[in-house]
Amino acid sequence: MTNQDIIAKLPYSKPFLFVDEITSISENGVVGNYTFDENLDFYKGHFKNNPVTPGVILTEVMAQIGVVCLGIYLLNNDINKNTLIALTSSEIEYLKPVFPKEKVVVISEKIYFRFGKLKCKVKMIKDSGIEVCNGTIAGMIYEK
């Protein structure tokens with residue numbers, strides 16, 4: 001399965017797809033990136049005249065790249081239309097803001113994958129190398 005195949009299997013579409021590219025992936029982790037389009041709707045009100053990416057969106061980017069992409073890779077071809085993916089927990093520390101037009105890189109390391117649950121240590125850095133946030137995210141992958 002190619003990196004583009006993994007992105008194509010994601011259960012998201014624009015404007016809620018937050019993965020531009022997977023740069024590396026293995027059974028132990030994944031690295032990918034996303035650039036925030038200045039026209040995303042949430043920037044209109046968060047905050048007036050000073051747009052900042054909401055923390056919940058930063059968490060979503062880390063979850064999509066760091067857990068869902070890795071989960072699809074680990075399951076290989078066992079993903080189908082009946083496969084459901086759900087966030088089960090996250091504990092994130094936010095360190096720096098992310099602004100429109102900024103590119104972020106997500107680095108995820110698998111802690112464990114068993115009984116359909118994937119837990120990862122994740123961090124997000126700006127393209128400039130500045131760390132934005134870090135923590136752990138876990139999700140379940142199961143059949144409906």
# chains A, B, ... in the order shown; residues from 1 in each chain; ligands from 1
call {"tool": "residues_around", "arguments": {"residues": "range 127-133 of chain A", "least_positions_apart": "5", "cutoff": "12 Å", "atoms": "only C-alpha atoms", "output": "PyMOL selection string"}}
result
chain A and resi 32-36+53+55-59+61-62+91-99+101-107+121-122
call {"tool": "select_by_dssp", "arguments": {"residues": "range 6-121 of chain A", "states": "strand (DSSP E)", "output": "VMD selection string"}}
result
chain A and resid 21 to 26 29 to 35 83 to 94 103 to 114 117 to 121
call {"tool": "closest_residue", "arguments": {"among": "A:Gln64, A:Thr88, A:Asn49, A:Ser108", "to": "Glu27 in chain A", "atoms": "only C-alpha atoms"}}
result
A:Ser108
call {"tool": "select_by_dssp", "arguments": {"residues": "chain A", "states": "helix (DSSP H, G or I)", "output": "ChimeraX atom specification"}}
result
/A:3-9,41-44,55-78
call {"tool": "write_last_selection", "arguments": {"atoms": "C-alpha atoms", "output": "PDB file, in the first residue's frame"}}
result
ATOM      1  CA  ASN A   3       1.259   6.539   1.113  1.00  0.00           C
ATOM      2  CA  GLN A   4      -1.313   7.952  -1.344  1.00  0.00           C
ATOM      3  CA  ASP A   5      -3.413   4.777  -0.953  1.00  0.00           C
ATOM      4  CA  ILE A   6      -3.454   5.357   2.809  1.00  0.00           C
ATOM      5  CA  ILE A   7      -4.591   8.975   2.389  1.00  0.00           C
ATOM      6  CA  ALA A   8      -7.298   7.841  -0.062  1.00  0.00           C
ATOM      7  CA  LYS A   9      -8.641   5.396   2.581  1.00  0.00           C
ATOM      8  CA  ASP A  41     -13.800  28.702   7.897  1.00  0.00           C
ATOM      9  CA  PHE A  42     -12.752  28.565  11.562  1.00  0.00           C
ATOM     10  CA  TYR A  43     -10.215  31.363  11.024  1.00  0.00           C
ATOM     11  CA  LYS A  44     -13.085  33.833  10.488  1.00  0.00           C
ATOM     12  CA  GLY A  55      -6.302  23.484  19.688  1.00  0.00           C
ATOM     13  CA  VAL A  56      -9.038  21.001  18.816  1.00  0.00           C
ATOM     14  CA  ILE A  57      -7.995  21.281  15.142  1.00  0.00           C
ATOM     15  CA  LEU A  58      -4.322  20.735  16.055  1.00  0.00           C
ATOM     16  CA  THR A  59      -5.418  17.613  17.935  1.00  0.00           C
ATOM     17  CA  GLU A  60      -7.423  16.479  14.901  1.00  0.00           C
ATOM     18  CA  VAL A  61      -4.407  16.899  12.600  1.00  0.00           C
ATOM     19  CA  MET A  62      -2.303  14.772  14.972  1.00  0.00           C
ATOM     20  CA  ALA A  63      -5.062  12.173  15.208  1.00  0.00           C
ATOM     21  CA  GLN A  64      -5.555  11.929  11.430  1.00  0.00           C
ATOM     22  CA  ILE A  65      -1.843  11.617  10.656  1.00  0.00           C
ATOM     23  CA  GLY A  66      -0.553   9.993  13.829  1.00  0.00           C
ATOM     24  CA  VAL A  67      -3.287   7.466  14.576  1.00  0.00           C
ATOM     25  CA  VAL A  68      -5.658   6.991  11.626  1.00  0.00           C
ATOM     26  CA  CYS A  69      -3.003   6.878   8.864  1.00  0.00           C
ATOM     27  CA  LEU A  70      -0.860   4.558  10.974  1.00  0.00           C
ATOM     28  CA  GLY A  71      -3.882   2.381  11.810  1.00  0.00           C
ATOM     29  CA  ILE A  72      -4.765   2.018   8.133  1.00  0.00           C
ATOM     30  CA  TYR A  73      -1.160   1.046   7.393  1.00  0.00           C
ATOM     31  CA  LEU A  74      -1.088  -1.519  10.217  1.00  0.00           C
ATOM     32  CA  LEU A  75      -4.396  -3.068   9.133  1.00  0.00           C
ATOM     33  CA  ASN A  76      -3.213  -3.042   5.498  1.00  0.00           C
ATOM     34  CA  ASN A  77      -6.134  -4.252   3.398  1.00  0.00           C
ATOM     35  CA  ASP A  78      -8.468  -5.070   6.301  1.00  0.00           C
TER      36      ASP A  78
END
call {"tool": "residues_around", "arguments": {"residues": "range 136-142 of chain A", "least_positions_apart": "3", "cutoff": "6 Å", "atoms": "only C-alpha atoms", "output": "PyMOL selection string"}}
result
chain A and resi 83-91+116-122
call {"tool": "atom_distance", "arguments": {"atom1": "CA of Asn39 in chain A", "atom2": "CA of Phe16 in chain A"}}
result
12.9 Å
